[in-house]
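K.L.:
This is the structure I want to talk about, given as structure tokens.
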Amino acid sequence: MREDNYTIQKEASRILHSVLLTDPRLQIPSEVKEAAKRTSFDSSALAAPFLPAPVKCSESSAALWALLATFGNSIASERYGITQNVVVNSDVASIFLFSFLLLRVGGKPVSDPELVKRYSIYDTTRQFTHWRRLVTNVYPTRDGRWFHLHGGLNSDMSLKMLGLPTHRDVADEMEAIDGLTEGVRQFDAEWLDIEANEYWRQAGGICFTPEEYRETEQGKTVADDGLYMLEEFPSEKLPPVPWPKVDTKTYRPLEGIKIVDLTRAIAGPTIAKLAALFGATVVRVSNTNLPDLGIVLFESNLGKQDAHLDLKTEEGRKALLNLIEDADVVLDGYRPGVLEKLGFGPTYVHEAAKRRGKGMVYARENCYGWKGPWKHRSGWQQISDAVTGIAWLFARMWDMDEPVMPFLPNSDFQTGIVGCIGIMNALDKRAKKGGNYLVSMSLNQLNSFLISLGTQSPEVQQSLREMWPEMKSRHYDDLHRQMRILTRGLPKLTPQLLDPKYFMTIKADLGVSDEEMVFVGPAATYETTKLGYDSGSCLRGMYEAKWPREE
């Protein structure tokens, strides 16, 4: 299409129909492809790209939301006998990518000091001091390359690796950046990569260009993988599982489905949050003795019941097993191999399903993919963006000779959409064919998909640079530094994104009675089905590790 005819909606439609629906690796049923004829994109949303990114974040997110909504439509038709259209709004699909920043609790934004104090109780390792937070950042190495250091939820290991103090009082962010730069610059990139990942077991990655990543052994190994991998394990002991019979007024496709959410951070919790939006009952298993991303948790716990379990105790393992024995889906977002060591990997969970005579979907999400020399490594959104070449694409957009990290956790949130699509697909197959299923996705595969869609045209990138001059960043401008500029610019540059109609309100359970939370609503709207949550977000450990009684 001609450049002057380019719109987010047209490109999202192309991605949906010409890329996603035609990809045999996604194993999309014919019924879903037929239902796609009833999926459209809202023409009232902003047409021209507006996020200051060289990659097609809005278009990709809208297309994935459309596929998710189409899967939901197909399942709702099968379950409830309804035929309906669904409309996807690309404005909402865009702000979904940083939705936790737009959350309001008790009328206050997440930047409000009182709210910060409340969710900071989960920062048990003091990660948000300047010194410890900025460990998670890109720094130059001795051999002239760039390495993305990462502190995870506890920066101690990365700092010890560099021979730096685990805590240091600094005057401001730049003093911390200077000190960390000096520490990283003592080592070569390859040394840091092996040392961090293989000895200290801490996330970190070399900043490759997209071309360099594709030539790595890991890149070659996963090059042919789709957005998700869906594996079927048929068994005579596992006949088809009919969709649960429910008394519904909302006709959401996943009502009656039970999901055990064993995830932290963003991507995994987003998978479960979306499943809850589409009607699933979700019990999140957390450990109140461990740190968590409180600012994200306040939004990502929407629709969930959060229960504390210590899985290193016999009591905790037994309670989890009891949950799993009545579940439809187990969602694993732990570091690769951790749940296997605790006795709850896919092999055992699928065996438990055979013993009960009812198939199980085991869904798992990681950074690097599920095969190749780096499959065991822990990773985060920033590491995936660094390793796959996204950071260098941002650098090229701003004509920088150093990698620049994205201003939003795009790969996290879009992997969340992918994961929910994969779960819906597996549940649909279980209903028709029986068996156990394994759904596997990764941040790197999402980023490889995004890169494969191509970058925005030079004209679009130029318009975005002119629109967002303050977003020209340096290698040390981490997500937090950039998001301040983003949230400050939205009301002025794209006020439509903050339209109240894009938000929903529900009662929260975040430590203050009779408090409401206002959050980004679904990007998809059906004619009959009403997407929404059965409950607002809750604090960790507020529920018992049991399935709620059916009303």
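Here, A, B, ... name the chains of the structure tokens in the order displayed, residue numbers run from 1 inside each chain, and ligands are numbered from 1 in the same displayed order.
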Counting only C-alpha atoms, what are the residues of range 420-466 of chain A within 12 Å of range 333-345 of chain A, and for each of them which pair of atoms is the nearest and at what distance in Å, to one decimal? Sort the table by chain and rising number, as a Markdown table.
P.N.:
| residue | atom | partner | partner_atom | distance |
| --- | --- | --- | --- | --- |
| A:Leu438 | CA | A:Gly345 | CA | 10.8 |
| A:Ser440 | CA | A:Gly333 | CA | 10.5 |
| A:Met441 | CA | A:Gly333 | CA | 10.2 |
| A:Ser442 | CA | A:Gly333 | CA | 10.1 |
| A:Leu443 | CA | A:Gly333 | CA | 11.6 |
K.L.:
Atoms to include: N, CA and C atoms. Write the selected residues as a PDB file, in the first residue's frame.
P.N.:
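Heads up, here's the output in again_31.pdb:
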ATOM      1  N   LEU A 438       0.900 -29.094  25.810  1.00  0.00           N
ATOM      2  CA  LEU A 438       2.001 -28.259  26.282  1.00  0.00           C
ATOM      3  C   LEU A 438       2.099 -27.046  25.372  1.00  0.00           C
ATOM      4  N   SER A 440       4.153 -23.540  24.744  1.00  0.00           N
ATOM      5  CA  SER A 440       5.427 -22.903  25.105  1.00  0.00           C
ATOM      6  C   SER A 440       5.606 -21.611  24.320  1.00  0.00           C
ATOM      7  N   MET A 441       5.939 -20.531  25.027  1.00  0.00           N
ATOM      8  CA  MET A 441       6.205 -19.251  24.355  1.00  0.00           C
ATOM      9  C   MET A 441       7.383 -18.577  25.020  1.00  0.00           C
ATOM     10  N   SER A 442       7.936 -17.589  24.346  1.00  0.00           N
ATOM     11  CA  SER A 442       9.102 -16.890  24.887  1.00  0.00           C
ATOM     12  C   SER A 442       9.118 -15.446  24.415  1.00  0.00           C
ATOM     13  N   LEU A 443       9.802 -14.625  25.180  1.00  0.00           N
ATOM     14  CA  LEU A 443       9.963 -13.217  24.816  1.00  0.00           C
ATOM     15  C   LEU A 443      10.737 -13.079  23.511  1.00  0.00           C
TER      16      LEU A 443
END
K.L.:
Output as a PyMOL selection string all residues of range 222-427 of chain A that backbone DSSP marks as strand (DSSP E or B).
P.N.:
chain A and resi 228-233+258-262+281-286+304-308+329-332+361-366
K.L.:
List the spatial neighbours of Gly256 in chain A as a PDB file with N, CA and C atoms, in the first residue's frame - criterion: any atom at most 7 Å away, only C-alpha atoms, same-chain residues fewer than 6 positions off excluded.
P.N.:
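Everything below was put into selection_7.pdb:
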ATOM      1  N   PRO A 244     -17.135 -26.521  30.390  1.00  0.00           N
ATOM      2  CA  PRO A 244     -17.977 -26.563  31.590  1.00  0.00           C
ATOM      3  C   PRO A 244     -19.362 -25.957  31.336  1.00  0.00           C
ATOM      4  N   VAL A 246     -22.109 -23.663  32.449  1.00  0.00           N
ATOM      5  CA  VAL A 246     -22.156 -22.496  33.327  1.00  0.00           C
ATOM      6  C   VAL A 246     -23.463 -21.737  33.118  1.00  0.00           C
ATOM      7  N   ALA A 280     -11.993 -16.936  32.876  1.00  0.00           N
ATOM      8  CA  ALA A 280     -11.398 -18.029  33.642  1.00  0.00           C
ATOM      9  C   ALA A 280     -11.341 -17.700  35.137  1.00  0.00           C
ATOM     10  N   THR A 281     -11.392 -18.741  35.950  1.00  0.00           N
ATOM     11  CA  THR A 281     -11.146 -18.629  37.387  1.00  0.00           C
ATOM     12  C   THR A 281      -9.653 -18.845  37.611  1.00  0.00           C
TER      13      THR A 281
END
K.L.:
Excluding Val418 in chain A and its own-chain neighbours fewer than 3 positions away, which residues fall within 8 Å of it when counting only C-alpha atoms? Please give them as number ranges by chain.
P.N.:
A: 64, 68, 227-228, 271, 414-415, 421-422, 441
K.L.:
Can you spit out the residues from that selection as a PDB file, in the first residue's frame, using N, CA and C atoms?
P.N.:
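Listed below is the output, part.pdb:
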ATOM      1  N   LEU A  64      -2.655  -9.122  17.449  1.00  0.00           N
ATOM      2  CA  LEU A  64      -2.706 -10.228  18.410  1.00  0.00           C
ATOM      3  C   LEU A  64      -3.986 -10.174  19.245  1.00  0.00           C
ATOM      4  N   LEU A  68      -6.757 -13.119  19.484  1.00  0.00           N
ATOM      5  CA  LEU A  68      -7.288 -13.558  20.773  1.00  0.00           C
ATOM      6  C   LEU A  68      -8.811 -13.419  20.811  1.00  0.00           C
ATOM      7  N   LEU A 227       5.173 -18.166  17.101  1.00  0.00           N
ATOM      8  CA  LEU A 227       4.929 -17.345  18.276  1.00  0.00           C
ATOM      9  C   LEU A 227       4.714 -18.187  19.523  1.00  0.00           C
ATOM     10  N   TYR A 228       4.112 -19.338  19.338  1.00  0.00           N
ATOM     11  CA  TYR A 228       4.035 -20.316  20.420  1.00  0.00           C
ATOM     12  C   TYR A 228       4.165 -21.695  19.805  1.00  0.00           C
ATOM     13  N   ILE A 271      -0.635 -13.166  30.960  1.00  0.00           N
ATOM     14  CA  ILE A 271      -1.355 -14.297  30.369  1.00  0.00           C
ATOM     15  C   ILE A 271      -2.564 -14.644  31.229  1.00  0.00           C
ATOM     16  N   GLN A 414       2.962  -8.232  24.992  1.00  0.00           N
ATOM     17  CA  GLN A 414       2.499  -8.950  23.800  1.00  0.00           C
ATOM     18  C   GLN A 414       2.700 -10.461  23.950  1.00  0.00           C
ATOM     19  N   THR A 415       3.738 -10.886  24.687  1.00  0.00           N
ATOM     20  CA  THR A 415       3.866 -12.309  24.997  1.00  0.00           C
ATOM     21  C   THR A 415       2.693 -12.756  25.855  1.00  0.00           C
ATOM     22  N   ILE A 421      -3.674 -16.746  23.831  1.00  0.00           N
ATOM     23  CA  ILE A 421      -4.103 -17.355  22.567  1.00  0.00           C
ATOM     24  C   ILE A 421      -3.751 -18.840  22.566  1.00  0.00           C
ATOM     25  N   GLY A 422      -2.509 -19.157  22.928  1.00  0.00           N
ATOM     26  CA  GLY A 422      -2.077 -20.550  22.940  1.00  0.00           C
ATOM     27  C   GLY A 422      -2.897 -21.409  23.880  1.00  0.00           C
ATOM     28  N   MET A 441       5.939 -20.531  25.027  1.00  0.00           N
ATOM     29  CA  MET A 441       6.205 -19.251  24.355  1.00  0.00           C
ATOM     30  C   MET A 441       7.383 -18.577  25.020  1.00  0.00           C
TER      31      MET A 441
END
K.L.:
Would you compute the distance between CA of Glu325 in chain A and CA of Val349 in chain A? Give it in Å to one decimal.
P.N.:
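Straight-line distance from CA of Glu325 in chain A to CA of Val349 in chain A works out to 8.6 Å.
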K.L.:
Give me, as a VMD selection string, all polymer residues having an atom no more than 12 Å from Leu539 in chain A, counting only C-alpha atoms and skipping those fewer than 5 positions away in the same chain.
P.N.:
chain A and resid 118 to 122 284 to 288 292 to 308 508 to 512
K.L.:
Please report the interatomic distance between CA of Thr248 in chain A and CA of Ala69 in chain A in Å with one decimal.
P.N.:
18.5 Å
K.L.:
Phe233 in chain A: which residues within 10 Å, counting only C-alpha atoms, same-chain residues fewer than 4 positions away excluded, as a list of chain:residue names?
P.N.:
A:Leu238, A:His350, A:Gly359, A:Met360, A:Gly434, A:Gly435, A:Asn436, A:Tyr437, A:Leu438
K.L.:
Compare A:Ala391, A:Glu314, A:Phe278, A:Glu217 by their minimum atom-to-atom distance to Thr250 in chain A, counting only C-alpha atoms, and give me the closest one.
P.N.:
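Nearest to Thr250 in chain A: A:Phe278.
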K.L.:
List as a PyMOL selection string the protein and nucleic acid residues near Leu97 in chain A, meaning an atom at most 6 Å away when only C-alpha atoms are counted, but skip any in the same chain fewer than 3 places from it.
P.N.:
chain A and resi 94+410+413
K.L.:
Find the residue from A:Ala267, A:Ser457, A:Leu274, A:Gly316 that sits nearest to Cys367 in chain A; use only C-alpha atoms when measuring.
P.N.:
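Closest to Cys367 in chain A of all the choices is A:Ala267.
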K.L.:
Measuring atom to atom with only C-alpha atoms, identify which of A:Leu102, A:Phe71, A:Pro240, A:Glu315 is nearest to Arg488 in chain A.
P.N.:
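Going through A:Leu102, A:Phe71, A:Pro240, A:Glu315 one by one, the smallest distance to Arg488 in chain A is for A:Leu102.
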K.L.:
According to DSSP computed on the backbone, where in range 378-523 of chain A is there alpha helix (DSSP H)? Give the residues as JSON, numbers by chain.
P.N.:
{"A": [381, 382, 383, 384, 385, 386, 387, 390, 391, 392, 393, 394, 395, 396, 397, 410, 411, 412, 413, 414, 415, 416, 417, 418, 419, 420, 421, 422, 423, 424, 425, 426, 427, 428, 429, 430, 431, 432, 433, 443, 444, 445, 446, 447, 448, 449, 450, 451, 452, 458, 459, 460, 461, 462, 463, 464, 465, 466, 467, 479, 480, 481, 482, 483, 484, 485, 486, 487, 488, 489, 490, 491, 492, 493]}
K.L.:
Using only C-alpha atoms, pick whichever of A:Thr209, A:Ser452, A:Thr22, A:Ser378 has the shortest atom-to-atom distance to Asn197 in chain A.
P.N.:
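Nearest to Asn197 in chain A: A:Ser378.
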K.L.:
Quick check, in Å to one decimal: how far apart do CA of Ala327 in chain A and CA of Ala545 in chain A lie?
P.N.:
12.3 Å
K.L.:
Which residue gives the smallest distance to Glu175 in chain A among A:His130, A:His17, A:Lys472, A:Lys546, with only C-alpha atoms counted?
P.N.:
A:His130
